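Q: Okay, so here is structure-v8.cif, and as you'll see once you scroll down, it has mmCIF, C-alpha atoms.
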data_start
#
loop_
_atom_site.label_atom_id
_atom_site.label_comp_id
_atom_site.auth_asym_id
_atom_site.auth_seq_id
_atom_site.Cartn_x
_atom_site.Cartn_y
_atom_site.Cartn_z
CA MET B 1 10.74 0.69 26.46
CA ALA B 2 10.99 -2.32 28.76
CA LEU B 3 9.30 -5.69 28.44
CA ARG B 4 7.00 -7.50 30.84
CA THR B 5 6.24 -11.20 31.00
CA LEU B 6 2.82 -12.65 31.68
CA LYS B 7 1.92 -15.03 34.49
CA PRO B 8 1.92 -18.54 32.93
CA ILE B 9 -1.72 -19.38 33.62
CA THR B 10 -2.19 -20.82 30.10
CA PRO B 11 0.19 -22.54 27.65
CA GLY B 12 0.08 -19.43 25.43
CA THR B 13 1.21 -17.07 28.19
CA ARG B 14 4.03 -19.31 29.45
CA PHE B 15 6.64 -17.79 27.11
CA TYR B 16 4.72 -14.60 26.31
CA SER B 17 6.35 -11.18 26.62
CA VAL B 18 5.02 -7.79 25.61
CA SER B 19 6.21 -4.18 25.67
CA THR B 20 5.25 -2.11 28.70
CA PHE B 21 4.40 0.86 26.43
CA ASP B 22 5.73 3.22 29.14
CA GLU B 23 6.80 5.81 26.58
CA ILE B 24 3.36 6.03 24.88
CA THR B 25 1.60 9.29 25.77
CA LYS B 26 -1.42 9.16 23.41
CA SER B 27 -3.61 6.18 22.54
CA THR B 28 -5.43 7.46 19.43
CA PRO B 29 -3.66 8.67 16.25
CA GLU B 30 -3.97 12.13 14.67
CA LYS B 31 -6.96 11.70 12.34
CA SER B 32 -5.66 14.08 9.66
CA LEU B 33 -2.47 12.01 9.33
CA THR B 34 -4.11 8.59 8.87
CA VAL B 35 -5.37 6.88 5.72
CA THR B 36 -7.10 3.57 5.02
CA LEU B 37 -4.76 0.60 4.66
CA LYS B 38 -5.96 -2.07 2.26
CA LYS B 39 -4.72 -5.64 2.72
CA SER B 40 -3.39 -7.52 -0.31
CA GLY B 41 -3.11 -10.98 1.22
CA GLY B 42 0.24 -11.31 -0.56
CA ARG B 43 -1.43 -11.12 -3.99
CA ASN B 44 -0.44 -8.95 -6.96
CA ASN B 45 -2.74 -7.10 -9.40
CA THR B 46 -3.57 -10.34 -11.22
CA GLY B 47 -4.69 -12.10 -8.04
CA ARG B 48 -1.74 -14.47 -7.79
CA ILE B 49 0.12 -14.99 -4.52
CA THR B 50 3.58 -13.47 -4.92
CA SER B 51 4.40 -13.22 -1.20
CA ARG B 52 3.46 -16.33 0.72
CA HIS B 53 2.14 -16.64 4.28
CA ARG B 54 0.39 -13.25 4.29
CA GLY B 55 -3.24 -12.64 5.19
CA GLY B 56 -5.67 -11.84 7.97
CA GLY B 57 -4.50 -9.81 10.93
CA HIS B 58 -5.95 -6.91 12.86
CA LYS B 59 -7.43 -3.97 10.99
CA ARG B 60 -5.04 -0.99 10.84
CA LYS B 61 -4.92 2.65 9.82
CA TYR B 62 -1.75 3.80 8.09
CA ARG B 63 0.04 6.75 9.72
CA ILE B 64 1.61 9.14 7.20
CA ILE B 65 5.25 9.51 8.28
CA ASP B 66 7.47 12.43 7.28
CA PHE B 67 10.51 10.52 6.00
CA LYS B 68 11.76 13.53 4.00
CA ARG B 69 12.02 15.96 6.96
CA ASN B 70 11.82 18.83 4.47
CA LYS B 71 10.36 21.56 6.70
CA PHE B 72 13.67 23.37 6.86
CA ASN B 73 14.56 25.85 9.61
CA ILE B 74 11.06 25.69 11.18
CA PRO B 75 11.16 24.45 14.80
CA GLY B 76 8.64 21.85 15.89
CA VAL B 77 7.60 20.67 19.34
CA VAL B 78 7.01 16.99 20.10
CA GLU B 79 3.37 16.75 21.21
CA SER B 80 3.13 13.00 21.83
CA ILE B 81 4.83 9.63 21.45
CA GLU B 82 2.50 7.08 19.81
CA TYR B 83 2.31 3.40 18.92
CA ASP B 84 2.34 2.57 15.21
CA PRO B 85 1.02 -0.88 14.21
CA ASN B 86 2.73 -0.61 10.81
CA ARG B 87 6.34 -0.51 12.09
CA SER B 88 8.46 -1.75 14.96
CA CYS B 89 9.51 1.67 16.31
CA ARG B 90 7.43 4.39 17.96
CA ILE B 91 6.41 7.59 16.17
CA ALA B 92 6.37 11.17 17.43
CA LEU B 93 3.71 13.75 16.59
CA VAL B 94 5.42 17.11 15.91
CA GLN B 95 3.58 20.47 15.94
CA TYR B 96 5.49 23.06 13.87
CA GLN B 97 5.43 26.82 14.43
CA ASP B 98 3.38 27.40 11.28
CA GLY B 99 0.63 25.14 12.68
CA GLU B 100 1.29 22.02 10.58
CA LYS B 101 1.48 18.63 12.26
CA ARG B 102 3.63 15.74 11.06
CA TYR B 103 4.68 12.31 12.27
CA MET B 104 8.36 11.39 12.50
CA LEU B 105 10.20 8.27 13.65
CA ALA B 106 10.81 8.60 17.39
CA PRO B 107 14.52 8.47 18.31
CA ASP B 108 15.65 6.88 21.56
CA LYS B 109 14.95 8.92 24.73
CA ILE B 110 12.96 11.63 22.92
CA LYS B 111 10.57 13.46 25.25
CA VAL B 112 7.28 15.31 24.91
CA GLY B 113 7.95 19.05 24.75
CA GLN B 114 11.34 18.63 23.07
CA THR B 115 12.05 20.86 20.07
CA VAL B 116 13.23 19.32 16.79
CA ILE B 117 14.31 21.04 13.59
CA SER B 118 15.77 20.16 10.20
CA GLY B 119 18.20 22.21 8.13
CA LYS B 120 21.81 22.60 7.07
CA ASN B 121 23.12 24.30 10.21
CA VAL B 122 21.09 22.95 13.12
CA GLU B 123 22.04 21.91 16.63
CA LEU B 124 23.55 18.42 16.95
CA GLN B 125 20.67 16.93 18.94
CA ASP B 126 18.88 13.60 18.62
CA GLY B 127 15.81 14.03 16.41
CA ASN B 128 17.23 16.89 14.34
CA ALA B 129 17.71 16.26 10.60
CA LEU B 130 20.51 17.62 8.43
CA PRO B 131 22.56 16.68 5.34
CA ILE B 132 25.02 13.85 5.99
CA GLY B 133 27.88 16.10 4.90
CA LYS B 134 27.17 18.37 7.90
CA VAL B 135 27.22 15.52 10.45
CA PRO B 136 30.46 15.09 12.46
CA VAL B 137 32.27 11.82 11.76
CA GLY B 138 31.49 9.08 14.27
CA LEU B 139 27.93 10.10 15.16
CA PHE B 140 25.01 7.68 14.85
CA ILE B 141 22.24 8.51 12.37
CA HIS B 142 19.02 6.94 11.10
CA ASN B 143 16.30 7.49 8.46
CA ILE B 144 18.98 7.94 5.78
CA GLU B 145 18.20 8.97 2.21
CA LEU B 146 19.73 7.21 -0.80
CA LYS B 147 18.82 10.03 -3.19
CA PRO B 148 18.55 13.70 -2.15
CA GLY B 149 14.90 14.62 -1.56
CA LYS B 150 13.53 11.08 -1.94
CA GLY B 151 13.04 10.46 1.79
CA GLY B 152 14.74 8.20 4.28
CA GLN B 153 15.07 4.54 3.27
CA MET B 154 17.75 3.03 5.53
CA ALA B 155 18.02 2.43 9.30
CA ARG B 156 14.33 2.94 10.13
CA SER B 157 13.39 -0.07 12.28
CA ALA B 158 13.42 -0.23 16.07
CA GLY B 159 16.82 0.01 17.74
CA THR B 160 18.79 0.48 14.51
CA SER B 161 21.28 3.16 13.50
CA ALA B 162 24.16 3.73 11.10
CA GLN B 163 27.53 5.31 11.88
CA LEU B 164 29.19 7.97 9.76
CA VAL B 165 32.72 6.82 8.89
CA SER B 166 34.06 9.61 6.66
CA VAL B 167 33.10 12.47 4.32
CA SER B 168 35.12 13.44 1.23
CA ASP B 169 34.61 14.66 -2.35
CA GLY B 170 30.85 15.12 -1.94
CA TYR B 171 30.24 11.58 -0.67
CA ALA B 172 29.91 10.13 2.81
CA GLN B 173 30.84 6.61 3.86
CA VAL B 174 28.27 5.14 6.26
CA LYS B 175 28.48 1.86 8.18
CA LEU B 176 25.01 0.29 8.06
CA PRO B 177 23.45 -1.98 10.73
CA SER B 178 24.34 -5.04 8.62
CA GLY B 179 28.04 -4.13 8.73
CA GLU B 180 28.10 -2.98 5.10
CA ILE B 181 29.96 0.27 4.41
CA ARG B 182 28.20 2.26 1.71
CA SER B 183 28.96 5.51 -0.08
CA ILE B 184 26.09 8.05 -0.07
CA SER B 185 25.80 11.57 -1.45
CA ALA B 186 26.69 14.15 1.20
CA GLU B 187 23.52 16.08 0.24
CA CYS B 188 21.23 13.27 1.45
CA MET B 189 19.33 13.98 4.66
CA ALA B 190 19.64 11.90 7.82
CA THR B 191 18.30 12.18 11.37
CA LEU B 192 20.63 12.20 14.37
CA GLY B 193 20.42 9.48 17.00
CA VAL B 194 19.29 5.86 17.30
CA VAL B 195 15.74 4.70 16.54
CA GLY B 196 13.82 4.02 19.76
CA ASN B 197 12.08 0.89 21.12
CA SER B 198 15.28 -1.16 21.03
CA ASP B 199 13.67 -3.92 23.16
CA HIS B 200 11.44 -4.89 20.23
CA MET B 201 13.93 -7.58 19.15
CA ASN B 202 13.56 -9.34 22.53
CA ILE B 203 9.78 -9.82 22.37
CA LEU B 204 8.64 -13.46 22.51
CA HIS B 205 5.31 -14.09 20.81
CA GLY B 206 4.52 -17.11 22.96
CA LYS B 207 1.81 -18.56 20.72
CA ALA B 208 0.99 -18.99 17.05
CA GLY B 209 -2.16 -16.88 17.24
CA ARG B 210 -0.16 -13.76 18.00
CA LYS B 211 1.54 -14.04 14.60
CA ILE B 212 -1.92 -14.26 13.00
CA TRP B 213 -2.79 -10.92 14.63
CA LEU B 214 0.17 -9.45 12.72
CA GLY B 215 -1.10 -10.83 9.40
CA ILE B 216 1.45 -13.66 9.20
CA ARG B 217 -0.15 -17.00 8.30
CA PRO B 218 1.25 -20.48 9.17
CA GLN B 219 4.17 -21.89 7.22
CA THR B 220 4.59 -25.58 6.39
CA ARG B 221 8.07 -27.14 6.20
CA GLY B 222 9.12 -28.40 2.79
CA MET B 223 10.26 -31.70 4.30
CA ALA B 224 6.70 -32.38 5.48
CA MET B 225 5.34 -32.13 1.91
CA ASN B 226 5.13 -34.60 -0.97
CA PRO B 227 7.68 -34.57 -3.85
CA ILE B 228 5.16 -32.93 -6.18
CA ASP B 229 4.74 -30.00 -3.79
CA HIS B 230 8.33 -29.27 -2.84
CA PRO B 231 11.87 -30.34 -3.90
CA MET B 232 12.57 -31.38 -0.29
CA GLY B 233 9.40 -33.46 0.06
CA GLY B 234 8.95 -37.22 0.07
CA GLY B 235 11.31 -40.01 1.03
CA GLU B 236 10.95 -42.92 3.42
CA GLY B 237 10.80 -41.50 6.92
CA LYS B 238 12.49 -38.21 7.80
CA SER B 239 14.74 -37.40 4.85
CA LYS B 240 16.32 -34.48 3.08
CA SER B 241 14.92 -33.97 -0.43
CA GLY B 242 13.43 -37.40 -0.99
CA GLY B 243 16.16 -39.41 0.67
CA GLY B 244 19.22 -37.62 -0.73
CA ARG B 245 21.37 -35.01 1.01
CA LEU B 246 20.72 -32.06 -1.28
CA HIS B 247 20.89 -28.42 -0.28
CA PRO B 248 17.73 -26.73 1.10
CA ARG B 249 15.80 -24.92 -1.60
CA SER B 250 12.54 -23.09 -2.28
CA PRO B 251 9.46 -24.74 -3.85
CA TRP B 252 10.73 -23.46 -7.22
CA GLY B 253 14.23 -24.88 -6.86
CA GLN B 254 16.09 -21.74 -5.76
CA LEU B 255 18.88 -22.65 -3.34
CA ALA B 256 18.12 -21.27 0.11
CA LYS B 257 21.52 -21.17 1.80
CA GLY B 258 24.69 -19.59 0.42
CA LEU B 259 23.61 -18.79 -3.13
CA LYS B 260 24.33 -15.17 -4.06
CA THR B 261 21.19 -13.67 -5.58
CA ARG B 262 22.40 -10.07 -6.03
CA LYS B 263 22.70 -9.04 -9.68
CA LYS B 264 26.29 -8.53 -10.78
CA LYS B 265 25.35 -5.56 -12.97
CA ASN B 266 23.49 -3.54 -10.33
CA LYS B 267 24.18 0.17 -10.74
CA SER B 268 24.60 0.54 -6.98
CA ASN B 269 27.51 -1.93 -6.84
CA ASN B 270 30.05 0.87 -7.15
CA MET B 271 28.51 2.60 -4.09
CA ILE B 272 29.26 -0.37 -1.82
CA ILE B 273 32.70 0.07 -0.28
CA ARG B 274 32.63 -3.11 1.79
CA ARG B 275 30.05 -5.91 1.70
CA ARG B 276 28.52 -7.12 4.94
CA THR B 277 30.02 -10.56 4.26
CA LYS B 278 33.49 -9.11 3.45
#
How would this structure read if it were set down as structure tokens?
A:
Amino acid sequence: MALRTLKPITPGTRFYSVSTFDEITKSTPEKSLTVTLKKSGGRNNTGRITSRHRGGGHKRKYRIIDFKRNKFNIPGVVESIEYDPNRSCRIALVQYQDGEKRYMLAPDKIKVGQTVISGKNVELQDGNALPIGKVPVGLFIHNIELKPGKGGQMARSAGTSAQLVSVSDGYAQVKLPSGEIRSISAECMATLGVVGNSDHMNILHGKAGRKIWLGIRPQTRGMAMNPIDHPMGGGEGKSKSGGGRLHPRSPWGQLAKGLKTRKKKNKSNNMIIRRRTK
């Protein structure tokens, strides 16, 4: 999971770094666990762009990941560690005793041939899944459910994990990667360990074209636009919002720095013990 830098023989490779892919043991995905991935270009069902700067990129196949880990008390052996173009972490192909194969998020330092299992009373080993209420306080977990049986939704990207703070009265308090402490039902499933490929955050793209490969199109600064195109456009020379010193904002006038956008009546507000911003 290390990085290597390229010899600077061109301007694009001068600041270019890439993963060594040392942990990858198989180059082609399991065909039965892949489906076609259609690109939206950031457009909704009416054809309007709702997410800007999306489009293009390399063609991909989507790997079906087992976020629920609901094959209880059936051991599975890790057959391979694979690259997934749809996420920052690696994925592990698991062959279960009943013959079924499934993909799971690969925890740090997981090895081919290792046995993983999910259930209520399983060994405390990285890669095993169990209800949060059965996890000892202080351990690191990932792929955490918010509702029992819905599948993991939190701490799924490369190098992330959450720490169990306490368990009482059917609820567990978990410290998330953002620093937020959140209350979650003790029946929700979670996987032990830290998500692998922690060096992903240190990758330097080196050139604009590499972002295009990922399906991320160029972005123009608001200050470089005209007043009709952006609230921060216009002005004589280099100016903030047409010559004034107004706060940065989106093309539709939404303040970009410091404005709280979370709804005050969210049902999940009572599940947040401590906000990440204190």
Q: Given the file shown, determine the residues that the PyMOL selection byres ((chain B and resi 58) around 6) selects; report them as a list in words.
A: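 This file gives the following for the PyMOL selection byres ((chain B and resi 58) around 6): Gly57, Lys59 and Trp213 of chain B.
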Q: Generate a file of the selected residues that holds C-alpha atoms, formatted as a PDB file, in the frame of the given file.
A:
ATOM      1  CA  GLY B  57      -4.500  -9.810  10.930  1.00  0.00           C
ATOM      2  CA  LYS B  59      -7.430  -3.970  10.990  1.00  0.00           C
ATOM      3  CA  TRP B 213      -2.790 -10.920  14.630  1.00  0.00           C
TER       4      TRP B 213
END
Q: Check which residues satisfy the PyMOL selection byres ((chain B and resi 139-154) around 10) in the file shown, then give them as a PyMOL selection string.
A: chain B and resi 66-70+104-105+107+124+126-129+131-132+135-138+155-157+159-165+174-177+183-195
Q: Measuring atom to atom with only C-alpha atoms, identify which of B:Asp22, B:Glu100, B:Glu180, B:Asp108 is nearest to B:Ile74.
A: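 Under the stated criterion, the closest residue is B:Glu100.
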Q: Closest to B:His53 among B:Lys267, B:Arg217, B:His247, B:Lys120, using only C-alpha atoms?
A: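 Once distances to B:His53 are computed over only C-alpha atoms, the minimum belongs to B:Arg217.
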Q: At what distance in Å, to one decimal, does atom CA of B:Val18 lie from atom CA of B:Gly206?
A: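 Distance between the two atoms: 9.7 Å.
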Q: Give me the residues within 12 Å of B:Thr50 as JSON, numbers by chain, counting all atoms listed in the file and dropping any in the same chain fewer than 5 places off.
A: {"B": [40, 41, 42, 43, 44, 45]}
Q: Which distance in Å separates atom CA of B:Ala2 and atom CA of B:Ser198, to one decimal?
A: 8.9 Å
Q: As an exercise, work out the distance from atom CA of B:Glu82 to atom CA of B:Pro29 in Å and give it to one decimal place.
A: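 Going from atom CA of B:Glu82 over to atom CA of B:Pro29 covers 7.3 Å.
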Q: Restricting the calculation to only C-alpha atoms, which member of B:Tyr96, B:Phe72, B:Tyr62, B:Trp252 is positioned closest to B:Gly119?
A: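 Among B:Tyr96, B:Phe72, B:Tyr62, B:Trp252, it is B:Phe72 that comes nearest to B:Gly119.
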Q: Which of these, B:Lys134, B:Lys211, B:Lys257, B:Lys111, has the shortest distance to B:Gly196 once you count all atoms listed in the file?
A: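 When distances to B:Gly196 are compared using all atoms listed in the file, the smallest one comes from B:Lys111.
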Q: So, with all atoms listed in the file as the atoms that count, which of B:Ser32, B:Asn202, B:Ser88, B:Thr25 lies closest to B:Gly113?
A: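 Among the listed residues, B:Thr25 lies closest to B:Gly113.
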Q: Apply the PyMOL selection byres ((chain B and resi 91) around 7) to the displayed file and report the matching residues as a list in words.
A: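 For this structure, the PyMOL selection byres ((chain B and resi 91) around 7) resolves to Ile81, Glu82, Tyr83, Asp84, Cys89, Arg90, Ala92, Leu93, Tyr103, Met104, Leu105 and Ala106 of chain B.
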Q: B:Ile65, B:Gly258, B:Met223, B:Val116: which is nearest B:Glu236, counting only C-alpha atoms?
A: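 Looking only at the distances to B:Glu236, the closest residue turns out to be B:Met223.
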Q: When you look at stretch 228-230 of chain B with a cut-off of 12 Å (counting only C-alpha atoms), what residues show up, excluding the ones that are within fewer than 5 positions of it in the same chain? I need them as a PyMOL selection string.
A: chain B and resi 220-223+235+240-242+248-254
Q: Sort by chain and increasing residue number a table of all residues of stretch 102-219 of chain B within 9 Å of stretch 4-16 of chain B, each with its closest pair of atoms and their distance in Å to one decimal, counting only C-alpha atoms, and write it as a tab-separated table.
A:
residue	atom	partner	partner_atom	distance
B:Ile203	CA	B:Tyr16	CA	8.0
B:Leu204	CA	B:Tyr16	CA	5.6
B:His205	CA	B:Tyr16	CA	5.6
B:Gly206	CA	B:Tyr16	CA	4.2
B:Lys207	CA	B:Gly12	CA	5.1
B:Ala208	CA	B:Gly12	CA	8.4
B:Gly209	CA	B:Gly12	CA	8.9
Q: Around all the atoms of stretch 81-93 of chain B listed in the file, with 4 Å of room on each side, what axis-aligned box do you get, giving centre and edge lengths in Å to one decimal, as JSON?
A:
{"center_x": 5.3, "center_y": 6.0, "center_z": 16.1, "size_x": 16.5, "size_y": 23.5, "size_z": 18.6}
